[in-house]
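Q: So I've got this file, work.cif, and it contains mmCIF, C-alpha atoms:
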```
data_upload
#
loop_
_atom_site.group_PDB
_atom_site.id
_atom_site.type_symbol
_atom_site.label_atom_id
_atom_site.label_comp_id
_atom_site.auth_asym_id
_atom_site.auth_seq_id
_atom_site.Cartn_x
_atom_site.Cartn_y
_atom_site.Cartn_z
ATOM 1 C CA MET X 2 181.532 -151.042 -137.790
ATOM 2 C CA CYS X 3 182.112 -147.605 -136.255
ATOM 3 C CA ASN X 4 178.986 -148.076 -134.158
ATOM 4 C CA GLN X 5 180.287 -151.343 -132.732
ATOM 5 C CA THR X 6 183.769 -149.888 -132.170
ATOM 6 C CA VAL X 7 182.629 -146.953 -130.054
ATOM 7 C CA SER X 8 180.156 -149.163 -128.166
ATOM 8 C CA LEU X 9 182.890 -151.598 -127.163
ATOM 9 C CA ILE X 10 185.224 -148.791 -126.100
ATOM 10 C CA ALA X 11 182.405 -147.240 -124.071
ATOM 11 C CA ALA X 12 181.873 -150.524 -122.252
ATOM 12 C CA GLU X 13 185.543 -150.694 -121.298
ATOM 13 C CA LEU X 14 185.600 -147.083 -120.090
ATOM 14 C CA GLU X 15 182.518 -147.740 -118.023
ATOM 15 C CA ARG X 16 184.122 -150.849 -116.484
ATOM 16 C CA GLN X 17 186.947 -148.560 -115.375
ATOM 17 C CA GLY X 18 184.513 -146.147 -113.727
ATOM 18 C CA ILE X 19 184.189 -143.499 -116.447
ATOM 19 C CA SER X 20 180.603 -142.530 -117.256
ATOM 20 C CA THR X 21 179.969 -142.673 -120.991
ATOM 21 C CA VAL X 22 177.405 -141.627 -123.515
ATOM 22 C CA THR X 23 177.645 -142.908 -127.071
ATOM 23 C CA LEU X 24 176.058 -141.466 -130.183
ATOM 24 C CA LEU X 25 174.833 -144.188 -132.526
ATOM 25 C CA LEU X 26 173.696 -144.040 -136.137
ATOM 26 C CA LEU X 27 172.443 -147.624 -136.388
ATOM 27 C CA ARG X 28 169.800 -148.768 -133.948
ATOM 28 C CA GLU X 29 170.243 -152.435 -134.840
ATOM 29 C CA VAL X 30 173.921 -152.299 -133.897
ATOM 30 C CA GLY X 31 173.196 -150.543 -130.624
ATOM 31 C CA GLU X 32 170.594 -153.106 -129.665
ATOM 32 C CA ALA X 33 172.905 -155.978 -130.586
ATOM 33 C CA VAL X 34 176.119 -154.680 -128.987
ATOM 34 C CA ARG X 35 174.572 -152.776 -126.056
ATOM 35 C CA PRO X 36 176.785 -149.886 -124.960
ATOM 36 C CA PRO X 37 175.891 -148.656 -121.461
ATOM 37 C CA ARG X 38 174.247 -145.400 -122.626
ATOM 38 C CA ALA X 39 173.474 -144.474 -126.194
ATOM 39 C CA LEU X 40 171.604 -141.790 -128.064
ATOM 40 C CA PHE X 41 170.297 -142.980 -131.449
ATOM 41 C CA VAL X 42 170.570 -140.050 -133.827
ATOM 42 C CA PRO X 43 168.438 -139.813 -137.000
ATOM 43 C CA PHE X 44 171.246 -138.743 -139.308
ATOM 44 C CA PRO X 45 173.067 -140.410 -142.221
ATOM 45 C CA HIS X 46 176.373 -142.226 -141.884
ATOM 46 C CA GLY X 47 179.137 -139.659 -141.522
ATOM 47 C CA TYR X 48 176.865 -137.068 -139.861
ATOM 48 C CA PRO X 49 176.622 -138.029 -136.175
ATOM 49 C CA LEU X 50 176.155 -134.428 -135.027
ATOM 50 C CA ASP X 51 173.629 -133.406 -137.651
ATOM 51 C CA ARG X 52 175.079 -130.740 -139.971
ATOM 52 C CA PRO X 53 178.578 -129.361 -140.559
ATOM 53 C CA ASP X 54 179.154 -125.722 -139.628
ATOM 54 C CA ASP X 55 175.942 -125.600 -137.648
ATOM 55 C CA PRO X 56 176.807 -125.106 -133.966
ATOM 56 C CA PRO X 57 173.182 -124.844 -132.730
ATOM 57 C CA ARG X 58 172.287 -128.247 -134.226
ATOM 58 C CA GLN X 59 175.480 -129.809 -132.961
ATOM 59 C CA ARG X 60 174.896 -128.354 -129.500
ATOM 60 C CA ALA X 61 171.362 -129.761 -129.468
ATOM 61 C CA VAL X 62 172.677 -133.280 -130.057
ATOM 62 C CA LEU X 63 175.314 -132.869 -127.360
ATOM 63 C CA GLU X 64 172.787 -131.520 -124.886
ATOM 64 C CA ALA X 65 170.524 -134.530 -125.463
ATOM 65 C CA ALA X 66 173.502 -136.843 -124.939
ATOM 66 C CA LEU X 67 174.503 -135.099 -121.725
ATOM 67 C CA ARG X 68 170.973 -135.448 -120.383
ATOM 68 C CA LEU X 69 171.314 -139.222 -120.630
ATOM 69 C CA LEU X 70 174.199 -139.023 -118.211
ATOM 70 C CA GLU X 71 171.949 -137.189 -115.777
ATOM 71 C CA GLU X 72 169.202 -139.838 -115.839
ATOM 72 C CA THR X 73 168.996 -141.034 -112.292
ATOM 73 C CA GLY X 74 167.620 -144.452 -111.593
ATOM 74 C CA ALA X 75 168.273 -145.685 -115.133
ATOM 75 C CA ARG X 76 169.538 -149.200 -115.708
ATOM 76 C CA PRO X 77 171.884 -150.367 -118.461
ATOM 77 C CA PRO X 78 171.712 -150.461 -121.349
ATOM 78 C CA LEU X 79 170.053 -147.065 -121.601
ATOM 79 C CA LEU X 80 169.235 -146.714 -125.310
ATOM 80 C CA VAL X 81 167.295 -143.597 -126.230
ATOM 81 C CA GLU X 82 166.179 -142.036 -129.500
ATOM 82 C CA TYR X 83 167.190 -138.432 -130.173
ATOM 83 C CA ARG X 84 164.274 -136.073 -130.531
ATOM 84 C CA PRO X 85 165.560 -132.769 -131.898
ATOM 85 C CA PRO X 86 164.050 -129.508 -130.723
ATOM 86 C CA LYS X 87 161.046 -128.623 -132.881
ATOM 87 C CA ALA X 88 162.822 -125.587 -134.282
ATOM 88 C CA LEU X 89 165.436 -127.782 -135.934
ATOM 89 C CA ALA X 90 164.206 -129.420 -139.133
ATOM 90 C CA ILE X 91 165.970 -132.551 -140.364
ATOM 91 C CA GLU X 92 166.909 -132.973 -143.995
ATOM 92 C CA ALA X 93 166.905 -136.474 -145.402
ATOM 93 C CA SER X 94 170.167 -136.807 -147.254
ATOM 94 C CA PRO X 95 173.825 -135.787 -146.953
ATOM 95 C CA ALA X 96 173.501 -133.853 -150.211
ATOM 96 C CA ASP X 97 170.618 -131.891 -148.747
ATOM 97 C CA ARG X 98 172.633 -131.293 -145.622
ATOM 98 C CA LEU X 99 175.597 -129.845 -147.509
ATOM 99 C CA GLY X 100 173.468 -128.052 -150.042
ATOM 100 C CA ALA X 101 171.449 -126.284 -147.384
ATOM 101 C CA LEU X 102 174.479 -124.424 -146.127
ATOM 102 C CA MET H 47 168.296 -142.672 -138.654
ATOM 103 C CA ALA H 48 170.886 -144.332 -140.845
ATOM 104 C CA THR H 49 170.212 -147.875 -141.980
ATOM 105 C CA THR H 50 172.342 -150.612 -143.452
ATOM 106 C CA ASP H 51 170.339 -150.179 -146.676
ATOM 107 C CA GLU H 52 172.500 -147.106 -147.372
ATOM 108 C CA LEU H 53 175.623 -149.247 -147.525
ATOM 109 C CA SER H 54 177.122 -150.839 -150.616
ATOM 110 C CA LEU H 55 176.013 -154.309 -151.668
ATOM 111 C CA PRO H 56 179.274 -156.022 -150.603
ATOM 112 C CA VAL H 57 179.027 -154.409 -147.163
ATOM 113 C CA ARG H 58 175.352 -155.376 -146.818
ATOM 114 C CA LEU H 59 176.170 -158.958 -147.745
ATOM 115 C CA PHE H 60 179.006 -159.014 -145.224
ATOM 116 C CA LEU H 61 176.750 -157.672 -142.474
ATOM 117 C CA LYS H 62 174.074 -160.241 -143.246
ATOM 118 C CA THR H 63 176.133 -162.975 -141.622
ATOM 119 C CA TYR H 64 178.238 -160.835 -139.272
ATOM 120 C CA SER H 65 178.016 -161.575 -135.536
ATOM 121 C CA TRP H 66 178.088 -158.357 -133.541
ATOM 122 C CA ARG H 67 180.152 -158.449 -130.337
ATOM 123 C CA ARG H 68 177.598 -158.303 -127.524
ATOM 124 C CA VAL H 69 178.481 -156.562 -124.268
ATOM 125 C CA ASP H 70 177.300 -158.824 -121.469
ATOM 126 C CA PRO H 71 176.973 -157.922 -118.699
ATOM 127 C CA VAL H 72 176.596 -154.249 -119.511
ATOM 128 C CA PRO H 73 178.801 -152.223 -117.149
ATOM 129 C CA TRP H 74 177.400 -149.141 -115.492
ATOM 130 C CA ALA H 75 179.210 -146.161 -114.006
ATOM 131 C CA PRO H 76 176.655 -143.572 -112.882
ATOM 132 C CA LEU H 77 177.650 -139.948 -112.906
ATOM 133 C CA ALA H 78 179.658 -139.396 -109.730
ATOM 134 C CA LYS H 79 179.232 -135.628 -109.628
ATOM 135 C CA PRO H 80 177.339 -132.942 -111.513
ATOM 136 C CA LEU H 81 178.360 -132.364 -115.126
ATOM 137 C CA ALA H 82 179.247 -128.804 -114.195
ATOM 138 C CA GLU H 83 182.033 -130.302 -112.076
ATOM 139 C CA SER H 84 182.979 -133.135 -114.450
ATOM 140 C CA ARG H 85 185.918 -133.472 -116.822
ATOM 141 C CA LEU H 86 184.978 -134.687 -120.307
ATOM 142 C CA ALA H 87 186.998 -136.456 -122.977
ATOM 143 C CA LEU H 88 186.027 -137.163 -126.573
ATOM 144 C CA VAL H 89 186.496 -140.541 -128.226
ATOM 145 C CA SER H 90 185.835 -140.480 -131.951
ATOM 146 C CA SER H 91 186.039 -143.313 -134.459
ATOM 147 C CA ALA H 92 186.272 -140.921 -137.421
ATOM 148 C CA GLY H 93 189.918 -141.754 -138.040
ATOM 149 C CA PHE H 94 191.244 -138.215 -137.589
ATOM 150 C CA VAL H 95 194.995 -137.719 -137.338
ATOM 151 C CA LEU H 96 197.181 -134.677 -136.848
ATOM 152 C CA PRO H 97 200.170 -133.728 -139.020
ATOM 153 C CA GLY H 98 203.103 -135.928 -138.059
ATOM 154 C CA GLN H 99 200.965 -138.666 -136.562
ATOM 155 C CA GLU H 100 201.062 -142.136 -138.063
ATOM 156 C CA ARG H 101 198.017 -142.813 -140.189
ATOM 157 C CA PHE H 102 195.853 -145.789 -139.393
ATOM 158 C CA LYS H 103 196.771 -149.015 -141.097
ATOM 159 C CA THR H 104 194.324 -149.754 -143.863
ATOM 160 C CA ASN H 105 195.485 -153.286 -144.686
ATOM 161 C CA LEU H 106 195.490 -154.844 -141.222
ATOM 162 C CA ALA H 107 193.290 -157.938 -141.138
ATOM 163 C CA GLY H 108 190.254 -157.259 -138.966
ATOM 164 C CA GLY H 109 191.019 -153.547 -138.745
ATOM 165 C CA ASP H 110 193.404 -151.241 -136.893
ATOM 166 C CA GLY H 111 192.260 -150.783 -133.286
ATOM 167 C CA SER H 112 195.007 -148.355 -132.327
ATOM 168 C CA PHE H 113 194.275 -144.752 -131.406
ATOM 169 C CA ARG H 114 195.867 -141.335 -131.662
ATOM 170 C CA GLU H 115 195.883 -138.704 -128.941
ATOM 171 C CA ILE H 116 194.431 -135.345 -129.922
ATOM 172 C CA PRO H 117 195.310 -132.432 -127.607
ATOM 173 C CA ALA H 118 192.482 -130.294 -126.287
ATOM 174 C CA SER H 119 194.108 -127.222 -127.794
ATOM 175 C CA VAL H 120 193.752 -128.586 -131.322
ATOM 176 C CA ASP H 121 192.554 -126.392 -134.138
ATOM 177 C CA VAL H 122 190.031 -128.645 -135.853
ATOM 178 C CA ALA H 123 191.259 -127.390 -139.224
ATOM 179 C CA ALA H 124 194.467 -129.333 -138.547
ATOM 180 C CA LEU H 125 192.645 -132.666 -138.320
ATOM 181 C CA THR H 126 192.989 -134.910 -141.350
ATOM 182 C CA ASP H 127 190.426 -137.522 -142.273
ATOM 183 C CA ALA H 128 192.371 -140.806 -142.474
ATOM 184 C CA HIS H 129 189.361 -143.102 -142.276
ATOM 185 C CA LYS H 130 189.582 -145.798 -144.927
ATOM 186 C CA SER H 131 185.880 -146.579 -145.198
ATOM 187 C CA GLU H 132 184.003 -145.810 -148.382
ATOM 188 C CA SER H 133 180.734 -146.734 -146.687
ATOM 189 C CA PHE H 134 179.900 -143.207 -145.584
ATOM 190 C CA ASP H 135 179.989 -139.681 -146.948
ATOM 191 C CA HIS H 136 183.177 -137.973 -145.740
ATOM 192 C CA HIS H 137 182.342 -134.499 -147.069
ATOM 193 C CA GLY H 138 180.627 -133.207 -143.944
ATOM 194 C CA MET H 139 183.350 -134.067 -141.469
ATOM 195 C CA VAL H 140 186.085 -132.891 -143.820
ATOM 196 C CA ARG H 141 184.318 -129.566 -144.094
ATOM 197 C CA ASP H 142 183.750 -129.342 -140.332
ATOM 198 C CA PRO H 143 185.558 -131.916 -138.151
ATOM 199 C CA ASN H 144 183.300 -130.885 -135.253
ATOM 200 C CA LEU H 145 180.711 -133.065 -136.939
ATOM 201 C CA ALA H 146 182.569 -136.134 -135.645
ATOM 202 C CA PHE H 147 185.006 -134.599 -133.163
ATOM 203 C CA PRO H 148 183.038 -131.780 -131.525
ATOM 204 C CA ILE H 149 185.848 -130.168 -129.568
ATOM 205 C CA ASP H 150 184.684 -126.610 -130.305
ATOM 206 C CA ARG H 151 181.209 -127.464 -128.996
ATOM 207 C CA VAL H 152 182.712 -129.006 -125.855
ATOM 208 C CA ARG H 153 184.775 -125.878 -125.239
ATOM 209 C CA GLU H 154 181.569 -123.847 -125.507
ATOM 210 C CA LEU H 155 179.829 -126.108 -123.000
ATOM 211 C CA VAL H 156 182.693 -125.624 -120.562
ATOM 212 C CA ALA H 157 182.632 -121.865 -121.093
ATOM 213 C CA ALA H 158 178.884 -121.891 -120.435
ATOM 214 C CA GLY H 159 179.354 -123.846 -117.213
ATOM 215 C CA ARG H 160 177.435 -126.893 -118.449
ATOM 216 C CA LEU H 161 180.614 -128.980 -118.144
ATOM 217 C CA GLY H 162 183.370 -128.609 -115.588
ATOM 218 C CA ALA H 163 186.424 -129.091 -117.790
ATOM 219 C CA VAL H 164 187.628 -130.398 -121.106
ATOM 220 C CA ASN H 165 190.327 -133.022 -120.749
ATOM 221 C CA SER H 166 193.814 -132.165 -121.971
ATOM 222 C CA ARG H 167 193.735 -134.986 -124.552
ATOM 223 C CA HIS H 168 191.160 -136.883 -126.567
ATOM 224 C CA LEU H 169 191.259 -140.130 -128.498
ATOM 225 C CA SER H 170 190.858 -140.839 -132.193
ATOM 226 C CA PHE H 171 190.181 -144.345 -133.486
ATOM 227 C CA MET H 172 189.364 -145.583 -136.966
ATOM 228 C CA GLY H 173 186.186 -147.557 -136.732
ATOM 229 C CA SER H 174 186.399 -150.083 -139.554
ATOM 230 C CA ILE H 175 187.166 -152.910 -137.143
ATOM 231 C CA THR H 176 185.538 -156.162 -138.171
ATOM 232 C CA ALA H 177 187.484 -158.362 -135.727
ATOM 233 C CA PRO H 178 187.390 -156.423 -132.455
ATOM 234 C CA GLY H 179 189.371 -158.923 -130.351
ATOM 235 C CA ARG H 180 192.509 -156.775 -130.116
ATOM 236 C CA LEU H 181 190.413 -153.670 -129.573
ATOM 237 C CA VAL H 182 188.637 -155.244 -126.601
ATOM 238 C CA ARG H 183 191.735 -156.943 -125.184
ATOM 239 C CA ASP H 184 194.403 -154.274 -125.701
ATOM 240 C CA HIS H 185 193.436 -150.932 -127.193
ATOM 241 C CA ALA H 186 190.243 -150.110 -125.282
ATOM 242 C CA PRO H 187 191.831 -150.925 -121.887
ATOM 243 C CA ALA H 188 194.833 -148.762 -122.835
ATOM 244 C CA ALA H 189 192.469 -145.934 -123.725
ATOM 245 C CA ALA H 190 190.649 -146.345 -120.411
ATOM 246 C CA ARG H 191 193.941 -146.219 -118.483
ATOM 247 C CA ILE H 192 194.934 -142.957 -120.164
ATOM 248 C CA LEU H 193 191.626 -141.291 -119.415
ATOM 249 C CA LYS H 194 191.618 -142.585 -115.820
ATOM 250 C CA GLU H 195 195.128 -141.175 -115.320
ATOM 251 C CA ASP H 196 193.834 -137.818 -116.520
ATOM 252 C CA GLY H 197 190.969 -137.878 -114.039
ATOM 253 C CA VAL H 198 188.301 -138.003 -116.724
ATOM 254 C CA ASP H 199 184.772 -138.347 -115.322
ATOM 255 C CA VAL H 200 182.775 -138.474 -118.540
ATOM 256 C CA ALA H 201 183.442 -139.604 -122.101
ATOM 257 C CA LEU H 202 181.434 -138.836 -125.216
ATOM 258 C CA LEU H 203 181.855 -141.402 -127.970
ATOM 259 C CA VAL H 204 181.165 -140.509 -131.583
ATOM 260 C CA PRO H 205 181.024 -142.915 -134.548
ATOM 261 C CA VAL H 206 180.651 -142.050 -138.200
#
```
As a first step, turn the structure in this file into structure tokens.
A:
Amino acid sequence: MCNQTVSLIAAELERQGISTVTLLLLREVGEAVRPPRALFVPFPHGYPLDRPDDPPRQRAVLEAALRLLEETGARPPLLVEYRPPKALAIEASPADRLGAL
Amino acid sequence: MATTDELSLPVRLFLKTYSWRRVDPVPWAPLAKPLAESRLALVSSAGFVLPGQERFKTNLAGGDGSFREIPASVDVAALTDAHKSESFDHHGMVRDPNLAFPIDRVRELVAAGRLGAVNSRHLSFMGSITAPGRLVRDHAPAAARILKEDGVDVALLVPV
């Protein structure tokens, strides 16, 4: 439900002239609801910015999101999959993510 | 990427027949100026509240679409997880609220010149909203008015 909530808020902000970019954890929700701009991130529920206490990984997600805002000529909805920098490996589970710290 | 298969059986059964609220037409506000000159606000659905703020209502039919204002000066350690959902692992964002409310990362982006400014306030929702009528009709427009008043150019929205 969080994915739908932020998508609907994003749509309203965009109607009022504020450019938005939305992180989404569930592709099927993004494709059904259709926020104006969304970055699908490959992380578990509860981990939208990758790992806790890991600024480089969090910054990488934010940078990818900001780049969507800079896409010129794009048309809505702009729904893009996050591709992390090669240097950043992705663990599969929340337990792995906490345990790796 | 997360999937609905990770969710509990009752939630999966609920979602099987749930009709998502489709945005149509999809609005579009292109970036009006470079990010290095833009003011950014965060909108998180992680259900964070600050000490003294009213917690989100957990027994409201269809969910609580209200929001709390979080000042830009916040110390993330002061944020409390008030999200009612048991459908996701809370440990990460309790350990580091930047995981769902990345205010420290935004400050760094401003310091680095990637963004122009961080807005003076940010918005915290609790995302377990199954009936989003009030959210769409009342709460989201109120949120948009606040951010417009502040001169926000860009918003980053973060679910959990």
Q: Let me make sure I understand: among X:Val62, X:Ala39, X:Leu14, X:Val7, which one has the smallest atom-to-atom distance to Arg151 in chain H if we use all atoms listed in the file?
A: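 The closest residue to Arg151 in chain H is X:Val62.
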Q: So that each row is one residue of chain X with an atom at most 8 Å from chain H, can you give its shortest atom pair and the distance in Å to one decimal, using only C-alpha atoms, rows by chain and rising number, as a Markdown table?
A:
```
| residue | atom | partner | partner_atom | distance |
| --- | --- | --- | --- | --- |
| X:Met2 | CA | H:Ser174 | CA | 5.3 |
| X:Cys3 | CA | H:Gly173 | CA | 4.1 |
| X:Asn4 | CA | H:Pro205 | CA | 5.6 |
| X:Gln5 | CA | H:Trp66 | CA | 7.4 |
| X:Thr6 | CA | H:Gly173 | CA | 5.7 |
| X:Val7 | CA | H:Leu203 | CA | 6.0 |
| X:Ser8 | CA | H:Leu203 | CA | 7.9 |
| X:Leu9 | CA | H:Val182 | CA | 6.8 |
| X:Ile10 | CA | H:Ala186 | CA | 5.3 |
| X:Ala11 | CA | H:Leu203 | CA | 7.0 |
| X:Ala12 | CA | H:Pro73 | CA | 6.2 |
| X:Glu13 | CA | H:Ala186 | CA | 6.2 |
| X:Leu14 | CA | H:Ala190 | CA | 5.1 |
| X:Glu15 | CA | H:Ala75 | CA | 5.4 |
| X:Arg16 | CA | H:Pro73 | CA | 5.5 |
| X:Gln17 | CA | H:Ala190 | CA | 6.6 |
| X:Gly18 | CA | H:Ala75 | CA | 5.3 |
| X:Ile19 | CA | H:Asp199 | CA | 5.3 |
| X:Ser20 | CA | H:Val200 | CA | 4.8 |
| X:Thr21 | CA | H:Ala201 | CA | 4.8 |
| X:Val22 | CA | H:Leu202 | CA | 5.2 |
| X:Thr23 | CA | H:Leu203 | CA | 4.6 |
| X:Leu24 | CA | H:Val204 | CA | 5.4 |
| X:Leu25 | CA | H:Pro205 | CA | 6.6 |
| X:Leu26 | CA | H:Ala48 | CA | 5.5 |
| X:Leu27 | CA | H:Ala48 | CA | 5.8 |
| X:Arg28 | CA | H:Met47 | CA | 7.8 |
| X:Val30 | CA | H:Trp66 | CA | 7.4 |
| X:Ala33 | CA | H:Arg68 | CA | 6.1 |
| X:Val34 | CA | H:Arg68 | CA | 4.2 |
| X:Arg35 | CA | H:Val69 | CA | 5.7 |
| X:Pro36 | CA | H:Val69 | CA | 6.9 |
| X:Pro37 | CA | H:Val72 | CA | 6.0 |
| X:Phe41 | CA | H:Met47 | CA | 7.5 |
| X:Val42 | CA | H:Met47 | CA | 5.9 |
| X:Pro43 | CA | H:Met47 | CA | 3.3 |
| X:Phe44 | CA | H:Met47 | CA | 5.0 |
| X:Pro45 | CA | H:Ala48 | CA | 4.7 |
| X:His46 | CA | H:Phe134 | CA | 5.2 |
| X:Gly47 | CA | H:Val206 | CA | 4.4 |
| X:Tyr48 | CA | H:Leu145 | CA | 6.3 |
| X:Pro49 | CA | H:Val206 | CA | 6.0 |
| X:Leu50 | CA | H:Leu145 | CA | 5.1 |
| X:Asp51 | CA | H:Leu145 | CA | 7.1 |
| X:Arg52 | CA | H:Leu145 | CA | 6.8 |
| X:Pro53 | CA | H:Asp142 | CA | 5.2 |
| X:Asp54 | CA | H:Asp142 | CA | 5.9 |
| X:Pro56 | CA | H:Arg151 | CA | 7.0 |
| X:Gln59 | CA | H:Leu145 | CA | 7.3 |
| X:Arg60 | CA | H:Arg151 | CA | 6.4 |
| X:Leu70 | CA | H:Leu77 | CA | 6.4 |
| X:Glu71 | CA | H:Leu77 | CA | 7.0 |
| X:Arg76 | CA | H:Trp74 | CA | 7.9 |
| X:Pro77 | CA | H:Val72 | CA | 6.2 |
| X:Pro78 | CA | H:Val72 | CA | 6.4 |
| X:Pro95 | CA | H:Asp135 | CA | 7.3 |
| X:Leu99 | CA | H:Gly138 | CA | 7.0 |
```
Q: Can you translate the PyMOL selection byres ((chain H and resi 102) around 9) into the concrete residues it hits in this file, as a PDB file with C-alpha atoms, in the frame of the given file?
A:
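What follows is the written file selection-v7.pdb:
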```
ATOM      1  CA  GLY H  93     189.918-141.754-138.040  1.00  0.00           C
ATOM      2  CA  VAL H  95     194.995-137.719-137.338  1.00  0.00           C
ATOM      3  CA  GLU H 100     201.062-142.136-138.063  1.00  0.00           C
ATOM      4  CA  ARG H 101     198.017-142.813-140.189  1.00  0.00           C
ATOM      5  CA  LYS H 103     196.771-149.015-141.097  1.00  0.00           C
ATOM      6  CA  THR H 104     194.324-149.754-143.863  1.00  0.00           C
ATOM      7  CA  ASP H 110     193.404-151.241-136.893  1.00  0.00           C
ATOM      8  CA  GLY H 111     192.260-150.783-133.286  1.00  0.00           C
ATOM      9  CA  SER H 112     195.007-148.355-132.327  1.00  0.00           C
ATOM     10  CA  PHE H 113     194.275-144.752-131.406  1.00  0.00           C
ATOM     11  CA  ARG H 114     195.867-141.335-131.662  1.00  0.00           C
ATOM     12  CA  ALA H 128     192.371-140.806-142.474  1.00  0.00           C
ATOM     13  CA  HIS H 129     189.361-143.102-142.276  1.00  0.00           C
ATOM     14  CA  LYS H 130     189.582-145.798-144.927  1.00  0.00           C
ATOM     15  CA  PHE H 171     190.181-144.345-133.486  1.00  0.00           C
ATOM     16  CA  MET H 172     189.364-145.583-136.966  1.00  0.00           C
TER      17      MET H 172
END
```
Q: State, in Å with one decimal place, the distance from CA of Ala118 in chain H to CA of Val156 in chain H.
A: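 Between CA of Ala118 in chain H and CA of Val156 in chain H the gap is 12.3 Å.
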Q: Would you work out the distance separating CA of Phe60 in chain H from CA of Ser170 in chain H, expressed in Å to one decimal?
A: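 According to the coordinates, CA of Phe60 in chain H and CA of Ser170 in chain H are separated by 25.3 Å.
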Q: Env of Pro97 in chain H: 12 Å cut, atoms = only C-alpha atoms, seq-sep filter 5 positions within chain, self excluded. Answer as a VMD selection string.
A: chain H and resid 114 116 120 to 128
Q: Can you work out the spacing between CA of Asp51 in chain H and CA of Gly31 in chain X in Å, to one decimal?
A: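 Here the two named atoms are 16.3 Å from each other.
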Q: Using 6 Å of padding on each side, determine the axis-aligned box around all atoms of range 153-159 of chain H present in the file and give its centre and edge lengths in Å to one decimal, as lines of an AutoDock Vina configuration file.
A:
```
center_x = 181.8
center_y = -124.0
center_z = -121.4
size_x = 17.9
size_y = 16.2
size_z = 20.3
```
Q: Could you please fill out range 187-202 of chain H with N, CA and C atoms and send it back as a compact mmCIF listing (two decimals), in the coordinates of the input?
A:
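As written to disk, part16.txt reads:
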```txt
# COMPACT_ATOMS: atom_id res chain seq x y z
N PRO H 187 191.30 -151.08 -123.25
CA PRO H 187 191.83 -150.93 -121.89
C PRO H 187 192.94 -149.88 -121.80
N ALA H 188 193.78 -149.79 -122.83
CA ALA H 188 194.83 -148.76 -122.84
C ALA H 188 194.22 -147.37 -122.87
N ALA H 189 193.17 -147.22 -123.66
CA ALA H 189 192.47 -145.93 -123.72
C ALA H 189 191.87 -145.59 -122.36
N ALA H 190 191.27 -146.58 -121.73
CA ALA H 190 190.65 -146.34 -120.41
C ALA H 190 191.71 -145.93 -119.38
N ARG H 191 192.87 -146.56 -119.44
CA ARG H 191 193.94 -146.22 -118.48
C ARG H 191 194.37 -144.76 -118.65
N ILE H 192 194.53 -144.34 -119.89
CA ILE H 192 194.93 -142.96 -120.16
C ILE H 192 193.92 -141.97 -119.59
N LEU H 193 192.66 -142.24 -119.86
CA LEU H 193 191.63 -141.29 -119.42
C LEU H 193 191.47 -141.33 -117.90
N LYS H 194 191.66 -142.50 -117.29
CA LYS H 194 191.62 -142.58 -115.82
C LYS H 194 192.78 -141.78 -115.22
N GLU H 195 193.96 -141.93 -115.80
CA GLU H 195 195.13 -141.18 -115.32
C GLU H 195 194.86 -139.67 -115.35
N ASP H 196 194.13 -139.25 -116.36
CA ASP H 196 193.83 -137.82 -116.52
C ASP H 196 192.72 -137.34 -115.59
N GLY H 197 192.08 -138.27 -114.90
CA GLY H 197 190.97 -137.88 -114.04
C GLY H 197 189.69 -137.58 -114.79
N VAL H 198 189.52 -138.23 -115.94
CA VAL H 198 188.30 -138.00 -116.72
C VAL H 198 187.10 -138.62 -116.01
N ASP H 199 186.01 -137.86 -115.94
CA ASP H 199 184.77 -138.35 -115.32
C ASP H 199 183.79 -138.86 -116.36
N VAL H 200 183.80 -138.23 -117.54
CA VAL H 200 182.78 -138.47 -118.54
C VAL H 200 183.42 -138.56 -119.92
N ALA H 201 182.97 -139.52 -120.72
CA ALA H 201 183.44 -139.60 -122.10
C ALA H 201 182.26 -139.59 -123.05
N LEU H 202 182.42 -138.85 -124.13
CA LEU H 202 181.43 -138.84 -125.22
C LEU H 202 182.04 -139.57 -126.40
```
